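Quick notes on the structure that follows.
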Amino acid sequence: MTVTEPNMIELQGVSKEFGNFLALRPTDLNVRKGEFLTLLGPSGSGKSTLLNMISGAFAASSGRIMLNGTDITNAPPRKRGIGMVFQNYALMPHMTAFENVAYPLKVRGVSKADIREKVTDALKRVGLAGFEHRKPKQLSGGQQQRVGIARCIVYSPSIIMMDEPLGALDKNLREQMQDEIKTLHREIGTTFIYVTHDQEEALNMSDRICLMNNGSIVQLGTPDDLYFRPVNKFAAQFIGESNLFSGKFEADGRLKLSSGDGLALPANAGIAVGQSCQVMLRPERVKAVVAGDAPVSASTQSASGRVANVSFIGSMTSLAVELTDGTLIKLKLTSLPLQSRYKVGDAIELRWDAEDLVVLREEA
């Protein structure tokens with residue numbers, strides 16, 4: 001998938017109300033042909049509502065939904081050419097894996113010979129060759145979800161939608177299935193729209209991420225965009241860890257913090273003198289250095305403090321450092337043997353570059 005691909009789905013002012021509750025505010029969104037787009041957000045953010053309106057499961061309260069230039073706002077689900085994969089698998093317990101996958105072909109009147117060929121190929125694609133005669137209760141959770149995916153791809157829908165498909169799986173199996181779904185997307189080239197509340201899942205799998213909150217789109221962009229250039233505090237805190245600083249922009253180009261200290265901002269910060277703002281610094285952009293080392297550039301900033309907390313998380317160690325003014329800064333370091341690690345109470349000097357600070361806009 002490339003950024004030059006045309007839009008396959010266009011949402012124009014689409015909203016959804018359930019009684020007096022506005023689940024999705026008027027929304028514009030384009031989905032490109034062949035891309036892997038993830039709808040990411042907390043529970044109640046509107047991501048599943050948006051998915052269900054594209055699929056036709058929910059009728060839009062306002063706006064238009066276009067598919068390849070055709071208005072499908074009022075088209076029934078069966079006319080939209082969309083396949084769905086669910087968190088709860090939605091398999092028929094009395095049917096074998098083969099019969100479950102074959103079902104959408106049977107209702108479409110496909111011949112027995114074609115059904116056998118297509119089902120065999122679909123099960124092979126998801127790594128279930130040889131499991132054709134097993135019923136759902138004879139399969140693990142991951143295997144049941146693979147049957148659900150095979151059933152979705154077997155009739156070659158133009159769009160595949162997945163609503164929290166890995167939510168019921170354990171961490172290791174979730175990570176394995178992420179890689180399998182990414183590989184499947186590459187192989188078949190179909191447009192995928194994927195719903196999750198898991199930020200790591202979204203960052204790992206997506207071409208683009210649509211971050212949602214309170215029924216609105218907060219930010220739409222590549223995983224890099226959302227991680228390194230979040231637009232506001234919600235985006236900065238929902239995806240990854242962040243250090244946040246608030247203050248007023250001074251004429252000397254620094255952000256004056258409540259402690260009275262100044263924080264140099266990127267040259268292109270675009271803030272007016274006297275304006276209050278908030279900035280973000282990712283923990284992995286903060287470095288621990290030997291006291292007295294010369295700064296690497298004019299934009300390098302430093303601060304001293306003591307280690308307030310140490311969290312060993314395998315390959316990385318997370319530190320919380322309390323600066324002399326009481327501010328807490330988080331940083332992440334590559335883990336070292338126990339005897340070489342920082343300990344609570346250790347003096348430490350920190351460095352970061354002004355260009356790594358991101359100015360956040362005010363939230364609506």
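Lettering and numbering for the structure tokens are positional, with chains as A, B, ... in the shown order, residues counted from 1 in each chain, and ligands counted from 1 in the shown order.
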Spatial neighbours of A:Asn214, max dist 7 Å, only C-alpha atoms, sep filter under 5 positions, as a PDB file with C-alpha atoms, in the first residue's frame:
ATOM      1  CA  GLY A  44     -16.749   4.398  24.422  1.00  0.00           C
ATOM      2  CA  SER A  45     -14.615   6.457  22.034  1.00  0.00           C
ATOM      3  CA  GLY A  46     -16.822   5.639  19.015  1.00  0.00           C
TER       4      GLY A  46
END
Find the spatial neighbours of stretch 96-107 of chain A, counting only C-alpha atoms, within a cut-off of 12 Å - ignore same-chain residues fewer than 3 positions away - and output them as a ChimeraX atom specification. /A:78,81-84,89-93,110-124,126,128-139,143-157
Those in stretch 140-170 of chain A with helix (DSSP H, G or I) from DSSP, as a list of chain:residue names: A:Gly141, A:Gly142, A:Gln143, A:Gln144, A:Gln145, A:Arg146, A:Val147, A:Gly148, A:Ile149, A:Ala150, A:Arg151, A:Cys152, A:Ile153
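Among A:Asp356, A:Glu17, A:Glu363, A:Asp346, the residue with the shortest atom-to-atom distance to A:Leu265, counting only C-alpha atoms, is A:Asp356.
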Residue contacts of A:Ala75 (10 Å, only C-alpha atoms) excluding same-chain residues fewer than 4 positions away, as a list in words: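 Listing them by chain and then by number gives Ser55, Gly56, Ala59, Ile65, Asp71, Lys79 and Arg80 of chain A.
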Quick one: write out the picked residues with C-alpha atoms as a PDB file, in the first residue's frame?
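Dumped to result00.pdb:
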ATOM      1  CA  SER A  55     -20.338  -2.320   7.573  1.00  0.00           C
ATOM      2  CA  GLY A  56     -24.053  -1.420   7.588  1.00  0.00           C
ATOM      3  CA  ALA A  59     -27.644   3.117  10.172  1.00  0.00           C
ATOM      4  CA  ILE A  65     -20.811   6.807   3.281  1.00  0.00           C
ATOM      5  CA  ASP A  71     -23.258   6.114  -2.055  1.00  0.00           C
ATOM      6  CA  LYS A  79     -24.548  -5.395  -0.643  1.00  0.00           C
ATOM      7  CA  ARG A  80     -21.363  -3.779   0.690  1.00  0.00           C
TER       8      ARG A  80
END
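If only C-alpha atoms are the atoms counted, then among A:Gln176, A:Asn309, A:Ser276, A:Gln12 the closest residue to A:Phe245 is A:Ser276.
The residue that comes closest to A:Cys277, out of A:Ser158, A:Asn232, A:Thr38, A:Ser48 and on the basis of only C-alpha atoms, is A:Asn232.
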Contacts of stretch 330-343 of chain A at 10 Å or less, counting only C-alpha atoms, minus same-chain residues fewer than 2 places along, as a VMD selection string? chain A and resid 241 to 243 281 to 288 306 to 322 328 345 to 348 350
